[in-house]
Amino acid sequence: MTNNKGLLIVVSGPSGAGKGTICKALLEKHDDLFISVSATTRQPRAGEVDGVNYHFITKEDFIKRVEQKDFLEYAEVYGNYYGTPKSRVEEMIDSGKNVILEIDIQGALKVKENFKEGVFIFILPPSMEELKQRIIKRGSETPESLMRRFKSAYQEINYISKYNYAVVNDVVDVAVSKVEGIITAEKCRVDRIKDTILDSKEGLIHEQLYD
Ligand code: 5GP
């Protein structure tokens, strides 16, 4: 007896915290999860596939889609635009899938304004030193971009109070099971399921009295 609509789960945190790794692991384990593929004007990194990691589009196309109100939210992050396609997300939630948005903090705050029932999870690195090492190890950033991402991380962590949950990503499997726990608990929240429960109770009484 559950609400048939899926959850909107927003996962944010500084670059290098391991959001992507956690989301990928969750997706492999759960058929009822859907991860939204964002549109971006950033250049693909080695190994990134259009339509899988992102929809890589031009700035002109991005602006056009903003004007058409195609995005649930969008933001400029490190000099590039990123946006969440709205219709697909709504479609998936309505079909009962739990939808994950792996987006930056500005985007998360915009989603929160319009989607208060969303679940907002902040992923943290075990330490700032570890965060730095992870970004360096990734090897995909120029020294300037690396510095920019690292500096932003310091500021971004201040926004943690806007989120509902914080998960430290030290051991990936542990972090994944914490997020699974959050999803399970959220699905059981009375404010999400009470209408379904009360409706089915009414239905039962009706059945007993009249059928
Ligand atoms: P990256 O360039 O490392 O793939 O992503 C840079 C940042 O943009 C990350 O924090 C990532 O979560 C965020 N991001 C990815 N897609 C979106 C989106 O659709 N909207 C917003 N606001 N941020 C996004």
# chains A, B, ... in the order shown; residues from 1 in each chain; ligands from 1

$ select_by_dssp --residues "range 78-192 of chain A" --states "helix (DSSP H, G or I)" --output "ChimeraX atom specification"
/A:86-94,105-114,128-138,143-162,172-187,190-192

$ residues_around --residues "Lys29 in chain A" --least-positions-apart "4" --cutoff "12 Å" --atoms "only C-alpha atoms" --output "compact mmCIF listing (two decimals) with N, CA and C atoms, in the first residue's frame"
# COMPACT_ATOMS: atom_id res chain seq x y z
N ILE A 22 28.15 7.00 -6.56
CA ILE A 22 27.03 6.53 -5.73
C ILE A 22 25.78 6.33 -6.59
N CYS A 23 25.50 7.30 -7.45
CA CYS A 23 24.28 7.22 -8.28
C CYS A 23 24.36 6.03 -9.23
N LYS A 24 25.54 5.80 -9.79
CA LYS A 24 25.72 4.69 -10.74
C LYS A 24 25.47 3.36 -10.03
N ALA A 25 26.01 3.24 -8.82
CA ALA A 25 25.83 1.99 -8.06
C ALA A 25 24.36 1.78 -7.72
N LEU A 33 14.61 2.88 -10.13
CA LEU A 33 15.29 4.18 -10.11
C LEU A 33 15.55 4.65 -11.54
N PHE A 34 15.45 5.95 -11.73
CA PHE A 34 15.75 6.53 -13.04
C PHE A 34 16.62 7.75 -12.78
N ASP A 173 30.22 1.51 -0.79
CA ASP A 173 29.10 0.61 -0.46
C ASP A 173 28.31 1.10 0.76
N VAL A 176 26.26 4.08 -0.33
CA VAL A 176 25.12 3.62 -1.14
C VAL A 176 24.03 3.07 -0.22
N SER A 177 24.41 2.27 0.76
CA SER A 177 23.35 1.70 1.61
C SER A 177 22.69 2.78 2.47
N GLU A 180 20.13 4.24 0.20
CA GLU A 180 19.02 3.28 0.08
C GLU A 180 18.11 3.39 1.31

$ residues_near_ligand --ligand "ligand 1" --cutoff "7 Å" --atoms "only C-alpha atoms and all ligand atoms" --output "PyMOL selection string"
chain A and resi 12-15+38-39+42+73-75+77+82-84+102-108

$ atom_distance --atom1 "CA of Ile157 in chain A" --atom2 "CA of Tyr78 in chain A"
16.4 Å

$ select_by_dssp --residues "chain A" --states "strand (DSSP E or B)" --output "MDAnalysis selection string"
chainID A and resid 8:12 33:35 39:40 50 54:56 71:77 80:85 98:102 119:124 165:168

$ write_last_selection --atoms "N, CA and C atoms" --output "compact mmCIF listing (two decimals), in the first residue's frame"
# COMPACT_ATOMS: atom_id res chain seq x y z
N LEU A 8 11.24 12.38 -6.03
CA LEU A 8 12.26 13.17 -6.72
C LEU A 8 13.42 13.31 -5.73
N ILE A 9 14.55 12.70 -6.09
CA ILE A 9 15.70 12.67 -5.17
C ILE A 9 16.82 13.52 -5.75
N VAL A 10 17.15 14.58 -5.05
CA VAL A 10 18.20 15.48 -5.53
C VAL A 10 19.49 15.16 -4.80
N VAL A 11 20.52 14.84 -5.57
CA VAL A 11 21.82 14.50 -4.98
C VAL A 11 22.82 15.58 -5.39
N SER A 12 23.35 16.29 -4.40
CA SER A 12 24.36 17.32 -4.69
C SER A 12 25.56 17.11 -3.79
N LEU A 33 14.61 2.88 -10.13
CA LEU A 33 15.29 4.18 -10.11
C LEU A 33 15.55 4.65 -11.54
N PHE A 34 15.45 5.95 -11.73
CA PHE A 34 15.75 6.53 -13.04
C PHE A 34 16.62 7.75 -12.78
N ILE A 35 17.73 7.84 -13.52
CA ILE A 35 18.57 9.04 -13.34
C ILE A 35 18.36 9.96 -14.53
N ALA A 39 21.18 18.22 -19.83
CA ALA A 39 21.77 18.83 -21.03
C ALA A 39 22.90 19.73 -20.56
N THR A 40 23.98 19.79 -21.31
CA THR A 40 25.07 20.70 -20.94
C THR A 40 25.75 21.27 -22.18
N ASP A 50 27.29 10.89 -25.55
CA ASP A 50 26.13 11.77 -25.70
C ASP A 50 24.85 10.97 -25.45
N TYR A 54 25.51 12.91 -20.58
CA TYR A 54 24.81 14.19 -20.76
C TYR A 54 24.26 14.22 -22.17
N HIS A 55 23.34 15.16 -22.41
CA HIS A 55 23.03 15.55 -23.79
C HIS A 55 23.93 16.76 -24.05
N PHE A 56 24.92 16.58 -24.90
CA PHE A 56 25.87 17.66 -25.15
C PHE A 56 25.29 18.55 -26.25
N PHE A 71 13.34 23.22 -19.15
CA PHE A 71 14.12 22.74 -18.01
C PHE A 71 13.38 22.92 -16.68
N LEU A 72 13.50 21.90 -15.84
CA LEU A 72 12.98 21.97 -14.48
C LEU A 72 13.81 22.99 -13.69
N GLU A 73 15.09 23.00 -13.98
CA GLU A 73 16.03 23.98 -13.43
C GLU A 73 17.24 24.00 -14.35
N TYR A 74 17.98 25.09 -14.30
CA TYR A 74 19.26 25.11 -15.01
C TYR A 74 20.19 26.06 -14.26
N ALA A 75 21.49 25.90 -14.48
CA ALA A 75 22.45 26.76 -13.80
C ALA A 75 23.73 26.83 -14.61
N GLU A 76 24.48 27.90 -14.33
CA GLU A 76 25.82 27.99 -14.92
C GLU A 76 26.78 27.48 -13.87
N VAL A 77 27.54 26.45 -14.22
CA VAL A 77 28.49 25.86 -13.27
C VAL A 77 29.86 25.85 -13.93
N ASN A 80 30.02 26.69 -17.67
CA ASN A 80 29.17 25.99 -18.63
C ASN A 80 27.74 25.93 -18.09
N TYR A 81 26.80 25.73 -19.03
CA TYR A 81 25.39 25.61 -18.61
C TYR A 81 25.01 24.15 -18.47
N TYR A 82 24.18 23.89 -17.45
CA TYR A 82 23.65 22.55 -17.21
C TYR A 82 22.17 22.69 -16.91
N GLY A 83 21.34 21.80 -17.46
CA GLY A 83 19.91 21.88 -17.19
C GLY A 83 19.25 20.51 -17.13
N THR A 84 18.19 20.41 -16.32
CA THR A 84 17.44 19.15 -16.16
C THR A 84 16.20 19.17 -17.04
N PRO A 85 16.11 18.28 -18.05
CA PRO A 85 14.92 18.26 -18.90
C PRO A 85 13.66 17.91 -18.09
N ASN A 98 11.44 6.32 -9.00
CA ASN A 98 12.14 7.29 -8.16
C ASN A 98 13.21 7.93 -9.03
N VAL A 99 13.12 9.24 -9.17
CA VAL A 99 14.02 9.93 -10.11
C VAL A 99 15.15 10.63 -9.36
N ILE A 100 16.38 10.38 -9.81
CA ILE A 100 17.54 11.04 -9.20
C ILE A 100 18.01 12.18 -10.08
N LEU A 101 18.20 13.33 -9.48
CA LEU A 101 18.85 14.44 -10.18
C LEU A 101 20.20 14.65 -9.52
N GLU A 102 21.26 14.47 -10.30
CA GLU A 102 22.59 14.72 -9.75
C GLU A 102 22.99 16.10 -10.23
N VAL A 119 13.41 15.03 -2.11
CA VAL A 119 14.31 14.54 -1.06
C VAL A 119 15.70 15.08 -1.41
N PHE A 120 16.28 15.86 -0.51
CA PHE A 120 17.52 16.56 -0.84
C PHE A 120 18.69 15.96 -0.05
N ILE A 121 19.61 15.35 -0.79
CA ILE A 121 20.72 14.62 -0.15
C ILE A 121 22.05 15.28 -0.53
N PHE A 122 22.86 15.56 0.48
CA PHE A 122 24.16 16.18 0.25
C PHE A 122 25.26 15.14 0.47
N ILE A 123 26.08 14.92 -0.53
CA ILE A 123 27.18 13.95 -0.41
C ILE A 123 28.47 14.70 -0.04
N LEU A 124 29.10 14.22 1.01
CA LEU A 124 30.33 14.86 1.51
C LEU A 124 31.54 13.95 1.35
N TYR A 165 19.33 15.51 4.14
CA TYR A 165 20.23 14.43 4.57
C TYR A 165 21.66 14.72 4.13
N ALA A 166 22.62 14.27 4.96
CA ALA A 166 24.03 14.35 4.59
C ALA A 166 24.62 12.95 4.66
N VAL A 167 25.34 12.57 3.61
CA VAL A 167 25.96 11.24 3.58
C VAL A 167 27.45 11.42 3.28
N VAL A 168 28.30 10.93 4.18
CA VAL A 168 29.74 11.00 3.93
C VAL A 168 30.14 9.82 3.06

$ atom_distance --atom1 "CA of Ser127 in chain A" --atom2 "CA of Arg148 in chain A"
17.6 Å

$ closest_residue --among "A:Val172, A:Lys178, A:Lys97, A:Gln208" --to "His30 in chain A" --atoms "only C-alpha atoms"
A:Lys97

$ closest_residue --among "A:Asn4, A:Glu129, A:Thr41, A:Glu156" --to "Ile63 in chain A" --atoms "only C-alpha atoms"
A:Thr41

$ atom_distance --atom1 "CA of Lys112 in chain A" --atom2 "CA of Glu91 in chain A"
18.6 Å

$ closest_residue --among "A:Asp170, A:Asp199, A:Glu141, A:Glu113" --to "Thr21 in chain A" --atoms "only C-alpha atoms"
A:Asp170
